[in-house]
$ cat my_file_23.cif   # mmCIF, C-alpha atoms (C1' of nucleotides)
data_target
#
loop_
_atom_site.group_PDB
_atom_site.id
_atom_site.type_symbol
_atom_site.label_atom_id
_atom_site.label_comp_id
_atom_site.auth_asym_id
_atom_site.auth_seq_id
_atom_site.Cartn_x
_atom_site.Cartn_y
_atom_site.Cartn_z
ATOM 1 C CA MET A 55 -19.821 0.920 2.362
ATOM 2 C CA PRO A 56 -22.410 1.727 4.921
ATOM 3 C CA GLU A 57 -23.164 -1.002 7.400
ATOM 4 C CA LEU A 58 -25.697 -0.887 10.193
ATOM 5 C CA PRO A 59 -23.975 1.884 12.235
ATOM 6 C CA GLU A 60 -23.576 4.199 9.247
ATOM 7 C CA VAL A 61 -27.228 3.711 8.279
ATOM 8 C CA GLU A 62 -28.469 4.050 11.855
ATOM 9 C CA TYR A 63 -26.519 7.259 12.427
ATOM 10 C CA VAL A 64 -27.986 8.863 9.309
ATOM 11 C CA ALA A 65 -31.457 7.581 10.210
ATOM 12 C CA ARG A 66 -31.218 9.319 13.595
ATOM 13 C CA GLN A 67 -30.148 12.539 11.914
ATOM 14 C CA LEU A 68 -33.027 12.381 9.466
ATOM 15 C CA ALA A 69 -35.507 11.698 12.249
ATOM 16 C CA THR A 70 -34.854 15.194 13.581
ATOM 17 C CA THR A 71 -34.250 17.034 10.293
ATOM 18 C CA LEU A 72 -36.454 15.429 7.649
ATOM 19 C CA VAL A 73 -39.640 14.350 9.403
ATOM 20 C CA GLY A 74 -42.392 16.862 8.684
ATOM 21 C CA ARG A 75 -40.816 18.087 5.465
ATOM 22 C CA ARG A 76 -42.707 17.798 2.200
ATOM 23 C CA ILE A 77 -41.143 16.768 -1.091
ATOM 24 C CA VAL A 78 -41.931 19.410 -3.696
ATOM 25 C CA GLY A 79 -39.784 18.170 -6.551
ATOM 26 C CA VAL A 80 -37.862 15.094 -7.711
ATOM 27 C CA GLU A 81 -34.984 14.931 -10.175
ATOM 28 C CA VAL A 82 -33.551 11.573 -11.202
ATOM 29 C CA CYS A 83 -30.083 12.033 -12.690
ATOM 30 C CA TRP A 84 -29.211 8.327 -13.031
ATOM 31 C CA ALA A 85 -32.222 6.178 -13.892
ATOM 32 C CA ARG A 86 -30.763 2.920 -12.588
ATOM 33 C CA SER A 87 -30.498 4.325 -9.081
ATOM 34 C CA VAL A 88 -34.286 3.929 -8.997
ATOM 35 C CA GLN A 89 -35.373 0.333 -8.612
ATOM 36 C CA GLY A 90 -38.475 -1.301 -10.019
ATOM 37 C CA MET A 91 -39.976 1.584 -11.980
ATOM 38 C CA LEU A 92 -39.218 4.322 -14.446
ATOM 39 C CA PRO A 93 -37.946 7.658 -13.113
ATOM 40 C CA GLU A 94 -41.171 9.383 -14.192
ATOM 41 C CA GLU A 95 -43.330 7.101 -12.073
ATOM 42 C CA PHE A 96 -40.917 7.383 -9.148
ATOM 43 C CA ALA A 97 -41.074 11.166 -9.316
ATOM 44 C CA ALA A 98 -44.853 11.166 -9.611
ATOM 45 C CA ARG A 99 -45.321 8.917 -6.604
ATOM 46 C CA LEU A 100 -42.977 11.038 -4.436
ATOM 47 C CA ALA A 101 -44.342 14.414 -5.479
ATOM 48 C CA SER A 102 -46.141 16.317 -2.697
ATOM 49 C CA ARG A 103 -45.517 13.524 -0.180
ATOM 50 C CA SER A 104 -44.632 14.460 3.389
ATOM 51 C CA VAL A 105 -42.138 12.537 5.508
ATOM 52 C CA VAL A 106 -43.895 11.042 8.521
ATOM 53 C CA GLY A 107 -41.165 8.857 10.019
ATOM 54 C CA ILE A 108 -37.693 7.342 9.668
ATOM 55 C CA GLY A 109 -36.707 3.735 10.242
ATOM 56 C CA ARG A 110 -34.020 1.209 9.495
ATOM 57 C CA ARG A 111 -33.959 -2.513 8.760
ATOM 58 C CA GLY A 112 -30.480 -4.022 8.471
ATOM 59 C CA LYS A 113 -28.635 -1.742 6.055
ATOM 60 C CA TYR A 114 -31.870 -0.393 4.559
ATOM 61 C CA LEU A 115 -32.954 3.137 5.439
ATOM 62 C CA LEU A 116 -36.724 3.582 5.539
ATOM 63 C CA ILE A 117 -38.310 6.978 4.904
ATOM 64 C CA ALA A 118 -42.038 6.688 5.647
ATOM 65 C CA LEU A 119 -44.306 9.033 3.721
ATOM 66 C CA ASP A 120 -47.928 10.014 3.998
ATOM 67 C CA GLY A 121 -50.071 8.047 1.578
ATOM 68 C CA GLU A 122 -48.872 4.756 3.105
ATOM 69 C CA GLU A 123 -45.744 4.477 0.983
ATOM 70 C CA THR A 124 -42.146 4.211 2.168
ATOM 71 C CA LEU A 125 -38.991 5.255 0.343
ATOM 72 C CA ILE A 126 -36.406 2.492 0.810
ATOM 73 C CA VAL A 127 -32.746 3.486 0.411
ATOM 74 C CA HIS A 128 -29.812 1.085 0.199
ATOM 75 C CA ARG A 129 -26.503 2.916 -0.093
ATOM 76 C CA ARG A 130 -24.466 -0.137 -1.056
ATOM 77 C CA MET A 131 -20.784 0.814 -1.479
ATOM 78 C CA SER A 132 -20.633 4.561 -1.930
ATOM 79 C CA GLY A 133 -24.064 6.126 -1.463
ATOM 80 C CA ASN A 134 -24.809 9.059 0.846
ATOM 81 C CA LEU A 135 -27.819 11.196 1.693
ATOM 82 C CA ILE A 136 -26.746 14.807 2.058
ATOM 83 C CA PHE A 137 -28.612 18.069 2.609
ATOM 84 C CA ALA A 138 -27.597 20.808 0.210
ATOM 85 C CA ALA A 139 -28.710 24.242 -0.904
ATOM 86 C CA ARG A 140 -28.187 23.380 -4.565
ATOM 87 C CA ILE A 141 -28.108 20.217 -6.661
ATOM 88 C CA ASP A 142 -24.692 20.978 -8.114
ATOM 89 C CA GLU A 143 -23.102 21.128 -4.675
ATOM 90 C CA ASP A 144 -22.227 17.466 -5.116
ATOM 91 C CA PRO A 145 -20.681 16.005 -8.292
ATOM 92 C CA TYR A 146 -22.166 12.526 -7.845
ATOM 93 C CA VAL A 147 -25.872 13.283 -7.409
ATOM 94 C CA ARG A 148 -28.068 10.446 -8.703
ATOM 95 C CA VAL A 149 -31.406 11.577 -7.265
ATOM 96 C CA ALA A 150 -32.353 14.984 -5.843
ATOM 97 C CA LEU A 151 -35.390 15.619 -3.647
ATOM 98 C CA LYS A 152 -36.424 19.258 -3.375
ATOM 99 C CA LEU A 153 -37.968 20.025 0.007
ATOM 100 C CA ASP A 154 -40.607 22.533 1.053
ATOM 101 C CA ASP A 155 -38.028 24.560 3.026
ATOM 102 C CA GLY A 156 -36.021 25.209 -0.129
ATOM 103 C CA ARG A 157 -33.241 22.746 0.604
ATOM 104 C CA TYR A 158 -32.440 19.562 -1.298
ATOM 105 C CA LEU A 159 -31.850 16.098 0.028
ATOM 106 C CA LEU A 160 -29.341 14.629 -2.416
ATOM 107 C CA TYR A 161 -28.696 10.962 -3.004
ATOM 108 C CA SER A 162 -25.023 10.984 -3.967
ATOM 109 C CA ASP A 163 -23.352 7.784 -5.157
ATOM 110 C CA PRO A 164 -20.106 7.756 -7.200
ATOM 111 C CA ARG A 165 -20.186 4.023 -7.916
ATOM 112 C CA LYS A 166 -23.910 3.951 -8.716
ATOM 113 C CA PHE A 167 -24.485 0.671 -6.850
ATOM 114 C CA GLY A 168 -27.071 2.022 -4.411
ATOM 115 C CA ARG A 169 -30.813 1.840 -5.003
ATOM 116 C CA LEU A 170 -33.932 3.796 -4.107
ATOM 117 C CA ALA A 171 -37.261 1.981 -4.144
ATOM 118 C CA LEU A 172 -40.850 2.522 -3.079
ATOM 119 C CA ALA A 173 -43.015 0.054 -1.209
ATOM 120 C CA ALA A 174 -46.285 -0.029 0.704
ATOM 121 C CA SER A 175 -45.562 1.025 4.279
ATOM 122 C CA ASP A 176 -47.409 -1.966 5.708
ATOM 123 C CA ALA A 177 -45.424 -4.443 3.602
ATOM 124 C CA ILE A 178 -41.791 -3.381 3.998
ATOM 125 C CA GLU A 179 -40.543 -6.764 5.153
ATOM 126 C CA GLN A 180 -42.041 -8.434 2.078
ATOM 127 C CA ALA A 181 -40.445 -5.819 -0.165
ATOM 128 C CA LEU A 182 -36.967 -6.580 1.202
ATOM 129 C CA PRO A 183 -34.971 -9.747 0.642
ATOM 130 C CA GLY A 184 -35.167 -12.197 3.555
ATOM 131 C CA LEU A 185 -33.257 -10.603 6.416
ATOM 132 C CA GLY A 186 -32.102 -12.116 9.684
ATOM 133 C CA PRO A 187 -32.760 -10.576 13.100
ATOM 134 C CA GLU A 188 -31.774 -7.053 14.105
ATOM 135 C CA PRO A 189 -28.593 -7.466 16.173
ATOM 136 C CA LEU A 190 -29.325 -4.507 18.462
ATOM 137 C CA ALA A 191 -32.892 -5.558 19.292
ATOM 138 C CA ALA A 192 -33.598 -6.793 22.812
ATOM 139 C CA SER A 193 -34.872 -10.020 21.295
ATOM 140 C CA PHE A 194 -31.446 -10.761 19.803
ATOM 141 C CA THR A 195 -30.002 -12.984 22.509
ATOM 142 C CA PRO A 196 -27.006 -15.345 22.535
ATOM 143 C CA ASP A 197 -29.517 -18.161 22.112
ATOM 144 C CA VAL A 198 -30.904 -16.563 18.950
ATOM 145 C CA LEU A 199 -27.354 -16.132 17.669
ATOM 146 C CA ALA A 200 -26.655 -19.801 18.387
ATOM 147 C CA VAL A 201 -29.704 -20.927 16.419
ATOM 148 C CA ARG A 202 -28.806 -18.705 13.450
ATOM 149 C CA LEU A 203 -25.235 -20.019 13.326
ATOM 150 C CA ALA A 204 -26.058 -23.668 13.944
ATOM 151 C CA ALA A 205 -27.730 -23.956 10.549
ATOM 152 C CA THR A 206 -24.532 -23.504 8.536
ATOM 153 C CA ARG A 207 -21.080 -25.050 8.130
ATOM 154 C CA ARG A 208 -19.562 -21.975 6.557
ATOM 155 C CA PRO A 209 -16.726 -20.020 8.169
ATOM 156 C CA LEU A 210 -17.995 -17.595 10.791
ATOM 157 C CA LYS A 211 -16.931 -14.543 8.794
ATOM 158 C CA ALA A 212 -19.010 -15.726 5.836
ATOM 159 C CA ALA A 213 -22.030 -16.412 8.034
ATOM 160 C CA LEU A 214 -21.801 -12.988 9.697
ATOM 161 C CA LEU A 215 -21.736 -11.262 6.303
ATOM 162 C CA ASP A 216 -24.882 -13.142 5.212
ATOM 163 C CA GLN A 217 -27.781 -10.718 5.721
ATOM 164 C CA SER A 218 -30.246 -13.588 6.026
ATOM 165 C CA VAL A 219 -28.335 -14.862 9.086
ATOM 166 C CA ILE A 220 -28.066 -11.492 10.888
ATOM 167 C CA ALA A 221 -29.074 -8.175 9.345
ATOM 168 C CA GLY A 222 -26.691 -5.243 9.216
ATOM 169 C CA LEU A 223 -23.165 -6.584 9.694
ATOM 170 C CA GLY A 224 -20.661 -5.851 6.933
ATOM 171 C CA ASN A 225 -16.948 -6.262 6.433
ATOM 172 C CA ILE A 226 -15.797 -3.769 9.059
ATOM 173 C CA TYR A 227 -18.027 -4.758 11.950
ATOM 174 C CA ALA A 228 -17.789 -8.506 11.285
ATOM 175 C CA ASP A 229 -14.012 -8.270 11.745
ATOM 176 C CA GLU A 230 -14.399 -6.023 14.787
ATOM 177 C CA ALA A 231 -16.963 -8.330 16.402
ATOM 178 C CA LEU A 232 -14.761 -11.410 15.931
ATOM 179 C CA PHE A 233 -11.766 -9.611 17.411
ATOM 180 C CA ARG A 234 -13.747 -8.491 20.439
ATOM 181 C CA ALA A 235 -14.919 -12.085 20.894
ATOM 182 C CA GLY A 236 -11.440 -13.556 20.427
ATOM 183 C CA ILE A 237 -12.664 -15.931 17.733
ATOM 184 C CA HIS A 238 -10.888 -16.791 14.466
ATOM 185 C CA PRO A 239 -12.871 -15.776 11.349
ATOM 186 C CA LEU A 240 -12.575 -19.278 9.877
ATOM 187 C CA CYS A 241 -14.128 -21.034 12.892
ATOM 188 C CA THR A 242 -17.406 -22.784 12.170
ATOM 189 C CA GLY A 243 -20.498 -21.316 13.802
ATOM 190 C CA ALA A 244 -21.767 -24.695 14.928
ATOM 191 C CA SER A 245 -18.492 -25.385 16.762
ATOM 192 C CA LEU A 246 -18.761 -22.456 19.184
ATOM 193 C CA SER A 247 -19.022 -23.095 22.912
ATOM 194 C CA ARG A 248 -21.593 -21.403 25.087
ATOM 195 C CA ASP A 249 -18.944 -18.960 26.306
ATOM 196 C CA GLU A 250 -17.784 -18.173 22.779
ATOM 197 C CA LEU A 251 -21.366 -17.504 21.687
ATOM 198 C CA GLN A 252 -21.832 -15.065 24.550
ATOM 199 C CA ARG A 253 -18.577 -13.306 23.672
ATOM 200 C CA LEU A 254 -19.541 -13.105 20.000
ATOM 201 C CA HIS A 255 -22.965 -11.728 20.914
ATOM 202 C CA ALA A 256 -21.349 -9.056 23.083
ATOM 203 C CA GLY A 257 -18.749 -8.389 20.383
ATOM 204 C CA ILE A 258 -21.381 -7.830 17.706
ATOM 205 C CA GLN A 259 -23.430 -5.452 19.833
ATOM 206 C CA GLY A 260 -20.372 -3.666 21.198
ATOM 207 C CA ALA A 261 -18.787 -3.108 17.797
ATOM 208 C CA LEU A 262 -22.048 -1.813 16.328
ATOM 209 C CA ARG A 263 -22.812 0.493 19.258
ATOM 210 C CA THR A 264 -19.291 1.931 19.192
ATOM 211 C CA GLY A 265 -19.686 2.575 15.477
ATOM 212 C CA ILE A 266 -22.982 4.416 15.924
ATOM 213 C CA GLU A 267 -21.574 6.424 18.827
ATOM 214 C CA HIS A 268 -18.786 7.784 16.617
ATOM 215 C CA GLY A 269 -20.927 8.574 13.596
ATOM 216 C CA GLY A 270 -19.857 5.508 11.618
ATOM 217 C CA THR A 271 -16.549 4.521 10.009
ATOM 218 C CA THR A 272 -15.208 6.674 7.188
ATOM 219 C CA PHE A 273 -12.094 5.593 5.312
ATOM 220 C CA GLY A 274 -13.518 6.503 1.958
ATOM 221 C CA ARG A 275 -16.992 7.606 1.115
ATOM 222 C CA HIS A 276 -19.264 7.484 4.138
ATOM 223 C CA ARG A 277 -20.675 10.897 5.047
ATOM 224 C CA ASP A 278 -23.544 11.950 7.276
ATOM 225 C CA VAL A 279 -26.416 14.201 6.166
ATOM 226 C CA HIS A 280 -24.226 17.276 6.735
ATOM 227 C CA ASN A 281 -21.451 15.823 4.551
ATOM 228 C CA GLU A 282 -19.290 15.144 7.617
ATOM 229 C CA THR A 283 -17.085 12.069 7.997
ATOM 230 C CA GLY A 284 -17.574 9.511 10.762
ATOM 231 C CA ALA A 285 -14.870 9.215 13.422
ATOM 232 C CA ASN A 286 -15.040 5.485 14.118
ATOM 233 C CA LEU A 287 -11.939 4.657 12.042
ATOM 234 C CA GLU A 288 -9.988 5.917 15.076
ATOM 235 C CA HIS A 289 -11.724 3.305 17.207
ATOM 236 C CA VAL A 290 -11.534 0.143 15.083
ATOM 237 C CA GLU A 291 -9.228 -2.483 16.539
ATOM 238 C CA VAL A 292 -8.372 -4.734 13.580
ATOM 239 C CA TYR A 293 -10.053 -3.505 10.413
ATOM 240 C CA ARG A 294 -7.415 -2.313 7.926
ATOM 241 C CA ARG A 295 -4.707 -2.595 10.569
ATOM 242 C CA THR A 296 -2.753 -5.305 8.716
ATOM 243 C CA GLY A 297 0.806 -5.582 10.076
ATOM 244 C CA GLN A 298 0.174 -3.146 12.907
ATOM 245 C CA PRO A 299 0.466 -4.402 16.501
ATOM 246 C CA CYS A 300 -2.615 -5.906 18.120
ATOM 247 C CA LEU A 301 -3.915 -3.423 20.684
ATOM 248 C CA ARG A 302 -4.227 -6.263 23.192
ATOM 249 C CA CYS A 303 -1.056 -8.353 22.739
ATOM 250 C CA GLY A 304 1.189 -6.605 20.213
ATOM 251 C CA THR A 305 1.178 -9.419 17.643
ATOM 252 C CA PRO A 306 0.994 -8.026 14.082
ATOM 253 C CA ILE A 307 -2.564 -8.082 12.715
ATOM 254 C CA ALA A 308 -2.974 -10.642 9.915
ATOM 255 C CA ARG A 309 -5.020 -10.355 6.729
ATOM 256 C CA ILE A 310 -6.636 -13.209 4.848
ATOM 257 C CA THR A 311 -9.331 -13.326 2.181
ATOM 258 C CA VAL A 312 -12.771 -14.760 2.924
ATOM 259 C CA LEU A 313 -15.553 -14.516 0.341
ATOM 260 C CA GLN A 314 -13.198 -12.273 -1.644
ATOM 261 C CA ARG A 315 -13.272 -9.790 1.226
ATOM 262 C CA GLY A 316 -10.250 -8.615 3.166
ATOM 263 C CA THR A 317 -10.434 -10.159 6.637
ATOM 264 C CA HIS A 318 -8.350 -8.873 9.528
ATOM 265 C CA TYR A 319 -7.611 -10.638 12.810
ATOM 266 C CA CYS A 320 -5.011 -11.174 15.524
ATOM 267 C CA PRO A 321 -3.367 -14.615 15.161
ATOM 268 C CA HIS A 322 -2.676 -14.709 18.914
ATOM 269 C CA CYS A 323 -5.943 -13.389 20.360
ATOM 270 C CA GLN A 324 -8.119 -15.212 17.795
ATOM 271 C CA PRO A 325 -6.676 -18.746 17.577
ATOM 272 C CA LEU A 326 -8.075 -21.276 15.105
ATOM 273 C CA LYS A 327 -9.227 -24.305 17.060
ATOM 274 C "C1'" DC B 263 -25.834 -26.684 0.757
ATOM 275 C "C1'" DT B 264 -21.322 -24.516 -0.228
ATOM 276 C "C1'" DA B 265 -17.999 -22.196 -2.986
ATOM 277 C "C1'" DT B 266 -16.375 -19.249 -6.519
ATOM 278 C "C1'" DA B 267 -16.583 -15.833 -10.035
ATOM 279 C "C1'" DA B 268 -18.565 -12.244 -12.362
ATOM 280 C "C1'" DA B 269 -21.371 -8.250 -12.769
ATOM 281 C "C1'" DC B 270 -22.819 -3.703 -11.462
ATOM 282 C "C1'" DC B 271 -19.528 1.230 -11.374
ATOM 283 C "C1'" DT B 272 -16.005 4.845 -10.242
ATOM 284 C "C1'" DG B 273 -12.169 6.649 -7.724
ATOM 285 C "C1'" DC B 274 -8.065 6.296 -5.150
ATOM 286 C "C1'" DT B 275 -3.481 4.443 -3.911
ATOM 287 C "C1'" DG B 276 0.857 2.324 -4.477
ATOM 288 C "C1'" DG B 277 4.475 0.522 -7.241
ATOM 289 C "C1'" DC B 278 7.453 0.912 -11.121
ATOM 290 C "C1'" DT C 86 4.970 12.820 -13.845
ATOM 291 C "C1'" DG C 87 2.490 8.880 -15.948
ATOM 292 C "C1'" DC C 88 0.489 4.480 -16.341
ATOM 293 C "C1'" DC C 89 -1.326 0.252 -14.698
ATOM 294 C "C1'" DA C 90 -2.745 -3.079 -11.346
ATOM 295 C "C1'" DG C 91 -5.264 -3.734 -7.455
ATOM 296 C "C1'" DC C 92 -8.423 -2.495 -3.984
ATOM 297 C "C1'" DA C 93 -12.791 -0.494 -1.842
ATOM 298 C "C1'" DG C 94 -18.108 -0.248 3.251
ATOM 299 C "C1'" DG C 95 -22.567 -4.545 -0.898
ATOM 300 C "C1'" DT C 96 -25.666 -7.595 -3.205
ATOM 301 C "C1'" DT C 97 -27.375 -10.519 -6.951
ATOM 302 C "C1'" DT C 98 -26.912 -13.980 -10.336
ATOM 303 C "C1'" DA C 99 -24.748 -17.680 -12.728
ATOM 304 C "C1'" DT C 100 -21.938 -21.726 -12.640
ATOM 305 C "C1'" DA C 101 -19.568 -25.829 -10.502
#
$ encode --input "my_file_23.cif" --output "structure tokens"
Amino acid sequence: MPELPEVEYVARQLATTLVGRRIVGVEVCWARSVQGMLPEEFAARLASRSVVGIGRRGKYLLIALDGEETLIVHRRMSGNLIFAARIDEDPYVRVALKLDDGRYLLYSDPRKFGRLALAASDAIEQALPGLGPEPLAASFTPDVLAVRLAATRRPLKAALLDQSVIAGLGNIYADEALFRAGIHPLCTGASLSRDELQRLHAGIQGALRTGIEHGGTTFGRHRDVHNETGANLEHVEVYRRTGQPCLRCGTPIARITVLQRGTHYCPHCQPLK
DNA sequence: CTATAAACCTGCTGGC
DNA sequence: TGCCAGCAGGTTTATA
């Protein structure tokens, strides 16, 4: 579920609410939510650690601790990090961190796909699978985008969903970016003109920034650290709008399947060359 | 390299 | 009301 905007929004919340807190207790309720080690070792390595910083890489949330270790969280389809007064406030708790102010930070995840891991703070990139550039970094230019897309013959939608091409885009924001750019999801990356590349670059950044601004997109499970929904569903232009009129031209939004993922676009505004 | 399917899991929605 | 099929923001692994 969470894509870059949903992770970034939560990261910004945690930067002001979690940094400085110490972990005084760890309860693992679903062992497989912890990656790479047994729950006992995970709990032992987190015990008495203080949070010194919050970061994000693609869809990975990074919680830096003293002792040079970082807690890496990937929420996958249905995971959320939520502050609570008690563990049983949420029915889907997989891991609970008790904090030194008496509250809990709960990792809640109905579908159990998400993972928590620990890695040396100076080796985060090596601990993650190979990720492409950060699309909101200043160094992510239309030229960089062109180079990333030139290396593949796959449909653009498939390339945008590939985290090793660009980090952080998922099904919602890939569709939104392509709509903003006026490019059909089945176009080939290598076939894009200079103008189309610039539009796609602007579309990617614009869609992501809009998502962050509205607290992320919630149509199902995404919640922020206060268990609040994100408002960006009111601002998406094509995602899950199948059959509804295009906000630009009125043509009904079409839905196709790419990589077994629902893909939404306007047949008029996003022509297939 | 590309494409496709399956696996990991549970909950919700829509149709009959 | 009840049941079943299908769908869901992601990623990894196996197979053609």
$ resolve_selection --input "my_file_23.cif" --expression "the PyMOL selection byres ((chain A and resi 83) around 6)" --output "JSON, numbers by chain"
{"A": [82, 84, 148, 149]}
$ write_last_selection --input "my_file_23.cif" --atoms "C-alpha atoms" --output "PDB file, in the coordinates of the input"
ATOM      1  CA  VAL A  82     -33.551  11.573 -11.202  1.00  0.00           C
ATOM      2  CA  TRP A  84     -29.211   8.327 -13.031  1.00  0.00           C
ATOM      3  CA  ARG A 148     -28.068  10.446  -8.703  1.00  0.00           C
ATOM      4  CA  VAL A 149     -31.406  11.577  -7.265  1.00  0.00           C
TER       5      VAL A 149
END
$ resolve_selection --input "my_file_23.cif" --expression "the PyMOL selection byres ((chain B and resi 267) around 10)" --output "list in words"
Gln314 of chain A; DA265, DT266, DA268 and DA269 of chain B; DA99 and DT100 of chain C
$ resolve_selection --input "my_file_23.cif" --expression "the PyMOL selection byres ((chain A and resi 240) around 7)" --output "ChimeraX atom specification"
/A:209-211,238-239,241-242
$ write_last_selection --input "my_file_23.cif" --atoms "C-alpha atoms" --output "tab-separated table (two decimals), in the frame of the given file"
chain	number	residue	atom	x	y	z
A	209	PRO	CA	-16.73	-20.02	8.17
A	210	LEU	CA	-18.00	-17.60	10.79
A	211	LYS	CA	-16.93	-14.54	8.79
A	238	HIS	CA	-10.89	-16.79	14.47
A	239	PRO	CA	-12.87	-15.78	11.35
A	241	CYS	CA	-14.13	-21.03	12.89
A	242	THR	CA	-17.41	-22.78	12.17
$ closest_atom_pairs --input "my_file_23.cif" --of "chain B" --to "chain A" --cutoff "9 Å" --atoms "all atoms listed in the file" --output "CSV"
residue,atom,partner,partner_atom,distance
B:DC263,C1',A:Thr206,CA,8.5
B:DT264,C1',A:Arg208,CA,7.5
B:DA265,C1',A:Leu313,CA,8.7
B:DT266,C1',A:Leu313,CA,8.4
B:DC270,C1',A:Phe167,CA,6.6
B:DC271,C1',A:Arg165,CA,4.5
B:DT272,C1',A:Arg165,CA,4.9
B:DG273,C1',A:Pro164,CA,8.0
B:DC274,C1',A:Gly274,CA,9.0
$ interface_residues --input "my_file_23.cif" --of "chain A" --to "chain C" --cutoff "12 Å" --atoms "only C-alpha atoms (C1' of nucleotides)" --output "MDAnalysis selection string"
chainID A and resid 55:61 113:114 128:134 165:169 183 215:218 222:228 270:277 287 293:294 314:316
$ atom_distance --input "my_file_23.cif" --atom1 "CA of Ile307 (chain A)" --atom2 "CA of Leu326 (chain A)"
14.5 Å
$ atom_distance --input "my_file_23.cif" --atom1 "CA of Asn286 (chain A)" --atom2 "CA of Gly269 (chain A)"
6.7 Å
$ residues_around --input "my_file_23.cif" --residues "region 91-106 of chain A" --least-positions-apart "4" --cutoff "8 Å" --atoms "only C-alpha atoms (C1' of nucleotides)" --output "ChimeraX atom specification"
/A:72-82,85,117-121,172
$ atom_distance --input "my_file_23.cif" --atom1 "CA of Ile220 (chain A)" --atom2 "CA of Leu246 (chain A)"
16.6 Å
$ axis_aligned_box --input "my_file_23.cif" --around "region 88-100 of chain C" --padding-each-side "4 Å" --output "AutoDock Vina command-line options"
--center_x -13.4 --center_y -8.6 --center_z -6.5 --size_x 35.9 --size_y 34.2 --size_z 27.6
$ build_atoms --input "my_file_23.cif" --residues "region 214-228 of chain A" --atoms "N, CA and C atoms" --output "PDB file, in the frame of the given file"
ATOM      1  N   LEU A 214     -21.483 -14.311   9.151  1.00  0.00           N
ATOM      2  CA  LEU A 214     -21.801 -12.988   9.697  1.00  0.00           C
ATOM      3  C   LEU A 214     -22.089 -11.974   8.592  1.00  0.00           C
ATOM      4  N   LEU A 215     -21.495 -12.183   7.414  1.00  0.00           N
ATOM      5  CA  LEU A 215     -21.736 -11.262   6.303  1.00  0.00           C
ATOM      6  C   LEU A 215     -23.055 -11.571   5.586  1.00  0.00           C
ATOM      7  N   ASP A 216     -23.634 -12.735   5.865  1.00  0.00           N
ATOM      8  CA  ASP A 216     -24.882 -13.142   5.212  1.00  0.00           C
ATOM      9  C   ASP A 216     -26.061 -12.437   5.889  1.00  0.00           C
ATOM     10  N   GLN A 217     -26.714 -11.550   5.148  1.00  0.00           N
ATOM     11  CA  GLN A 217     -27.781 -10.718   5.721  1.00  0.00           C
ATOM     12  C   GLN A 217     -29.001 -11.527   6.142  1.00  0.00           C
ATOM     13  N   SER A 218     -29.122 -12.755   5.622  1.00  0.00           N
ATOM     14  CA  SER A 218     -30.246 -13.588   6.026  1.00  0.00           C
ATOM     15  C   SER A 218     -29.955 -14.311   7.340  1.00  0.00           C
ATOM     16  N   VAL A 219     -28.703 -14.280   7.788  1.00  0.00           N
ATOM     17  CA  VAL A 219     -28.335 -14.862   9.086  1.00  0.00           C
ATOM     18  C   VAL A 219     -28.531 -13.816  10.183  1.00  0.00           C
ATOM     19  N   ILE A 220     -27.890 -12.654  10.006  1.00  0.00           N
ATOM     20  CA  ILE A 220     -28.066 -11.492  10.888  1.00  0.00           C
ATOM     21  C   ILE A 220     -28.086 -10.275   9.970  1.00  0.00           C
ATOM     22  N   ALA A 221     -28.960  -9.338  10.223  1.00  0.00           N
ATOM     23  CA  ALA A 221     -29.074  -8.175   9.345  1.00  0.00           C
ATOM     24  C   ALA A 221     -28.178  -7.031   9.815  1.00  0.00           C
ATOM     25  N   GLY A 222     -27.384  -6.491   8.916  1.00  0.00           N
ATOM     26  CA  GLY A 222     -26.691  -5.243   9.216  1.00  0.00           C
ATOM     27  C   GLY A 222     -25.186  -5.296   9.342  1.00  0.00           C
ATOM     28  N   LEU A 223     -24.621  -6.494   9.599  1.00  0.00           N
ATOM     29  CA  LEU A 223     -23.165  -6.584   9.694  1.00  0.00           C
ATOM     30  C   LEU A 223     -22.557  -6.540   8.305  1.00  0.00           C
ATOM     31  N   GLY A 224     -21.415  -5.869   8.178  1.00  0.00           N
ATOM     32  CA  GLY A 224     -20.661  -5.851   6.933  1.00  0.00           C
ATOM     33  C   GLY A 224     -19.209  -6.149   7.250  1.00  0.00           C
ATOM     34  N   ASN A 225     -18.339  -5.831   6.309  1.00  0.00           N
ATOM     35  CA  ASN A 225     -16.948  -6.262   6.433  1.00  0.00           C
ATOM     36  C   ASN A 225     -16.213  -5.656   7.625  1.00  0.00           C
ATOM     37  N   ILE A 226     -16.489  -4.401   7.926  1.00  0.00           N
ATOM     38  CA  ILE A 226     -15.797  -3.769   9.059  1.00  0.00           C
ATOM     39  C   ILE A 226     -16.231  -4.397  10.380  1.00  0.00           C
ATOM     40  N   TYR A 227     -17.536  -4.381  10.619  1.00  0.00           N
ATOM     41  CA  TYR A 227     -18.027  -4.758  11.950  1.00  0.00           C
ATOM     42  C   TYR A 227     -18.005  -6.264  12.178  1.00  0.00           C
ATOM     43  N   ALA A 228     -17.981  -7.058  11.105  1.00  0.00           N
ATOM     44  CA  ALA A 228     -17.789  -8.506  11.285  1.00  0.00           C
ATOM     45  C   ALA A 228     -16.382  -8.760  11.839  1.00  0.00           C
TER      46      ALA A 228
END
